[in-house]
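Note sheet for the following structure.
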Amino acid sequence: MSLFFPVFYGSYRRDRMGIRLADYAVAGLRERGFESELVDARAVGLPMLDRMYKEYEPGQAPAAMEELAQTLRRADGFVFVEGEYNWNIQPGLKNLIDHYLEEWFWRPAAVMSYSAGRLAGVRAATSLIPTLSEMGMVPVNAAVSVGQIGKTLDENAVPLGEAGEALGKSFAKCVGALEWWALAVKDAVAARETPF
């Protein structure tokens with residue numbers, strides 16, 4: 001049985017470079033035998049949060065929200081690819097996350113951050129990690145941080161030079177941790193009821 005790890009990406013910008021890392025993550029997960037798909041917040045197009053998914057009567061949530069809820073329920077873990085907006089989480093990604101709650105519970109999450117500069121989005125990652133924890137996920141400790149993304153991945157998400165090699169190593173470590181936690185959580189949930 002293949003594990004399913006959707007990749008979430010939150011930039012709404014016109015000339016977004018982080019999509020390269022999101023595409024790289026989806027392809028890398030599939031190459032390792034996992035099921036994966038891109039969940040692009042801009043393409044999903046949820047409105048600014050007014051009502052959470054759980055606040056709709058069954059069958060009454062907007063179609064895009066219902067479809068994403070099904071993806072979340074099916075997932076064995078999550079990958080979040082995010083850039084940094086003023087030291088913080090991209091608003092599109094945060095808005096998408098906040099539309100759900102129980103659908104995130106009891107699964108691991110990996111954070112992959114990026115920037116055009118040298119800081120690699122790590123300040124935003126440090127904001128995202130406690131948010132994911134609050135939403136009931138277990139953030140894995142092996143993160144991916146990509147500085148100067150345009151010099152690390154080309155427009156087809158192909159790694160470039162030494163920076164690309166470093167990305168490959170950190171990605172492998174991160175995915176290994178994500179898989180380990182996903183399998184551990186599956187075993188734990190099968191063995192006993194969750195506390196809530």
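Residue numbering restarts at 1 in every chain; chains get A, B, ... in the order shown in the structure tokens, and ligands count up from 1 in that same order.
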
I'd like the neighbourhood of Gln148 (chain A) as a list in words, where a residue qualifies if any of its atoms comes within 12 Å (using only C-alpha atoms), though same-chain residues fewer than 5 positions away should be ignored.
Met17, Gly18, Arg20, Leu21, Gly83, Ser113, Tyr114, Ser115, Ala116, Gly117, Arg118, Leu119, Ala120, Gly121, Leu153, Asp154, Leu160, Ala163, Gly164 and Leu167 of chain A

Enumerate, as a tab-separated table (two decimals) with N, CA and C atoms, in the first residue's frame, the complete set of residues in region 42-87 of chain A that a backbone-based DSSP assignment places in strand (DSSP E).
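New file out.tsv:
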```
chain	number	residue	atom	x	y	z
A	78	PHE	N	1.44	15.28	5.28
A	78	PHE	CA	1.33	16.49	4.48
A	78	PHE	C	2.70	17.13	4.27
A	79	VAL	N	2.86	17.76	3.12
A	79	VAL	CA	4.06	18.55	2.83
A	79	VAL	C	3.60	19.97	2.56
A	80	PHE	N	4.20	20.94	3.25
A	80	PHE	CA	3.87	22.35	3.05
A	80	PHE	C	5.08	23.07	2.47
A	81	VAL	N	4.91	23.64	1.29
A	81	VAL	CA	5.96	24.41	0.64
A	81	VAL	C	5.58	25.87	0.78
A	82	GLU	N	6.46	26.64	1.42
A	82	GLU	CA	6.09	28.03	1.67
A	82	GLU	C	7.26	28.98	1.55
```

Given only C-alpha atoms, how would the per-residue table for region 40-147 of chain A near region 179-189 of chain A read, listing every residue at most 10 Å away with its closest atom pair and distance in Å to one decimal, sorted by chain and number, as a tab-separated table?
```
residue	atom	partner	partner_atom	distance
A:Ala75	CA	A:Ala182	CA	9.5
A:Asp76	CA	A:Ala182	CA	5.8
A:Gly77	CA	A:Ala182	CA	6.0
A:Phe78	CA	A:Ala182	CA	9.4
A:Trp106	CA	A:Val185	CA	6.9
A:Arg107	CA	A:Ala182	CA	6.4
A:Pro108	CA	A:Ala182	CA	6.0
A:Ala109	CA	A:Trp181	CA	8.9
A:Val138	CA	A:Trp181	CA	8.2
A:Pro139	CA	A:Trp181	CA	9.3
A:Val140	CA	A:Trp181	CA	7.6
```

Take the residues from that selection and write them out as a PDB file, in the first residue's frame, keeping C-alpha atoms.
```
ATOM      1  CA  ALA A  75      -3.696  11.710   3.275  1.00  0.00           C
ATOM      2  CA  ASP A  76      -1.151   9.849   5.388  1.00  0.00           C
ATOM      3  CA  GLY A  77       0.873  13.018   5.918  1.00  0.00           C
ATOM      4  CA  PHE A  78       1.330  16.490   4.476  1.00  0.00           C
ATOM      5  CA  TRP A 106      -3.090  12.707  13.694  1.00  0.00           C
ATOM      6  CA  ARG A 107      -0.783  12.940  10.677  1.00  0.00           C
ATOM      7  CA  PRO A 108       2.794  14.160  10.252  1.00  0.00           C
ATOM      8  CA  ALA A 109       3.702  17.297   8.315  1.00  0.00           C
ATOM      9  CA  VAL A 138       3.071  16.332  14.063  1.00  0.00           C
ATOM     10  CA  PRO A 139       5.727  18.485  12.313  1.00  0.00           C
ATOM     11  CA  VAL A 140       8.773  16.386  11.471  1.00  0.00           C
TER      12      VAL A 140
END
```

What are the closest atom pairs, with distances in Å to one decimal, for each residue of region 78-163 of chain A lying within 12 Å of region 51-59 of chain A, using only C-alpha atoms, rows by chain and rising residue number, as a Markdown table?
```
| residue | atom | partner | partner_atom | distance |
| --- | --- | --- | --- | --- |
| A:Asn95 | CA | A:Met52 | CA | 10.3 |
| A:Leu96 | CA | A:Met52 | CA | 10.0 |
| A:Ile97 | CA | A:Met52 | CA | 9.9 |
| A:Asp98 | CA | A:Met52 | CA | 7.3 |
| A:His99 | CA | A:Met52 | CA | 4.5 |
| A:Tyr100 | CA | A:Tyr53 | CA | 5.7 |
| A:Leu101 | CA | A:Lys54 | CA | 7.8 |
| A:Glu102 | CA | A:Lys54 | CA | 8.3 |
| A:Glu103 | CA | A:Lys54 | CA | 9.3 |
| A:Trp104 | CA | A:Tyr53 | CA | 11.9 |
```

Can you list, as a ChimeraX atom specification, all residues belonging to region 32-151 of chain A that DSSP tags as helix (DSSP H, G or I)?
/A:41-44,53-55,63-74,91-98,102-104,122-134,149-151

Just the selected residues (C-alpha atoms), exported as a short mmCIF file (atom, residue, chain, number, x, y, z; two decimals), in the first residue's frame, please.
```
data_model
loop_
_atom_site.label_atom_id
_atom_site.label_comp_id
_atom_site.auth_asym_id
_atom_site.auth_seq_id
_atom_site.Cartn_x
_atom_site.Cartn_y
_atom_site.Cartn_z
CA ALA A 41 -4.04 27.39 -2.87
CA ARG A 42 -4.41 29.84 -5.76
CA ALA A 43 -5.96 27.15 -7.99
CA VAL A 44 -8.25 25.85 -5.23
CA TYR A 53 -15.53 23.36 6.52
CA LYS A 54 -16.95 21.83 9.71
CA GLU A 55 -19.39 24.74 10.09
CA ALA A 63 -17.42 22.07 -4.07
CA ALA A 64 -13.74 23.07 -3.88
CA MET A 65 -13.84 22.92 -0.09
CA GLU A 66 -15.50 19.51 -0.10
CA GLU A 67 -13.03 18.12 -2.62
CA LEU A 68 -10.08 19.31 -0.57
CA ALA A 69 -11.61 17.84 2.61
CA GLN A 70 -11.65 14.44 0.87
CA THR A 71 -7.96 14.87 -0.05
CA LEU A 72 -7.08 15.72 3.56
CA ARG A 73 -8.96 12.74 4.97
CA ARG A 74 -7.20 10.37 2.58
CA PRO A 91 -1.55 34.39 3.52
CA GLY A 92 -2.88 32.04 0.83
CA LEU A 93 -1.43 29.01 2.56
CA LYS A 94 -2.58 30.09 6.02
CA ASN A 95 -6.09 30.75 4.72
CA LEU A 96 -6.26 27.28 3.16
CA ILE A 97 -5.02 25.62 6.36
CA ASP A 98 -7.50 27.53 8.55
CA GLU A 102 -10.19 17.73 12.32
CA GLU A 103 -9.19 16.84 8.77
CA TRP A 104 -5.56 17.59 9.71
CA VAL A 122 13.26 29.83 7.56
CA ARG A 123 11.64 32.66 9.52
CA ALA A 124 8.29 31.76 7.98
CA ALA A 125 8.91 28.08 8.66
CA THR A 126 9.36 28.85 12.35
CA SER A 127 5.90 30.47 12.27
CA LEU A 128 4.30 27.63 10.34
CA ILE A 129 5.53 24.80 12.57
CA PRO A 130 3.57 25.80 15.73
CA THR A 131 0.53 26.49 13.55
CA LEU A 132 0.66 22.94 12.17
CA SER A 133 1.05 21.57 15.67
CA GLU A 134 -1.97 23.55 16.85
CA ILE A 149 15.67 29.18 -5.34
CA GLY A 150 16.33 30.42 -8.87
CA LYS A 151 19.89 29.07 -8.58
#
```

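Interatomic distance, CA of Asn141 (chain A) to CA of Cys174 (chain A): 7.9 Å.
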
So which one's closest to Leu178 (chain A), A:Ala191, A:Leu46, A:Leu3, A:Ala61? Using only C-alpha atoms, please.
A:Leu3

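Distances to Glu31 (chain A) were evaluated for A:Ala172, A:Glu165, A:Pro47, A:Phe105 using only C-alpha atoms, and the minimum falls at A:Ala172.
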
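Taking CA of Ala157 (chain A) and CA of Asn86 (chain A) as the two end points, the separation is 25.2 Å.
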
Tell me, in Å to one decimal, how far CA of Lys169 (chain A) is from CA of Asp15 (chain A).
27.1 Å

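If only C-alpha atoms are the atoms counted, then among A:Ser36, A:Gln60, A:Tyr24, A:Arg13 the closest residue to Asn156 (chain A) is A:Tyr24.
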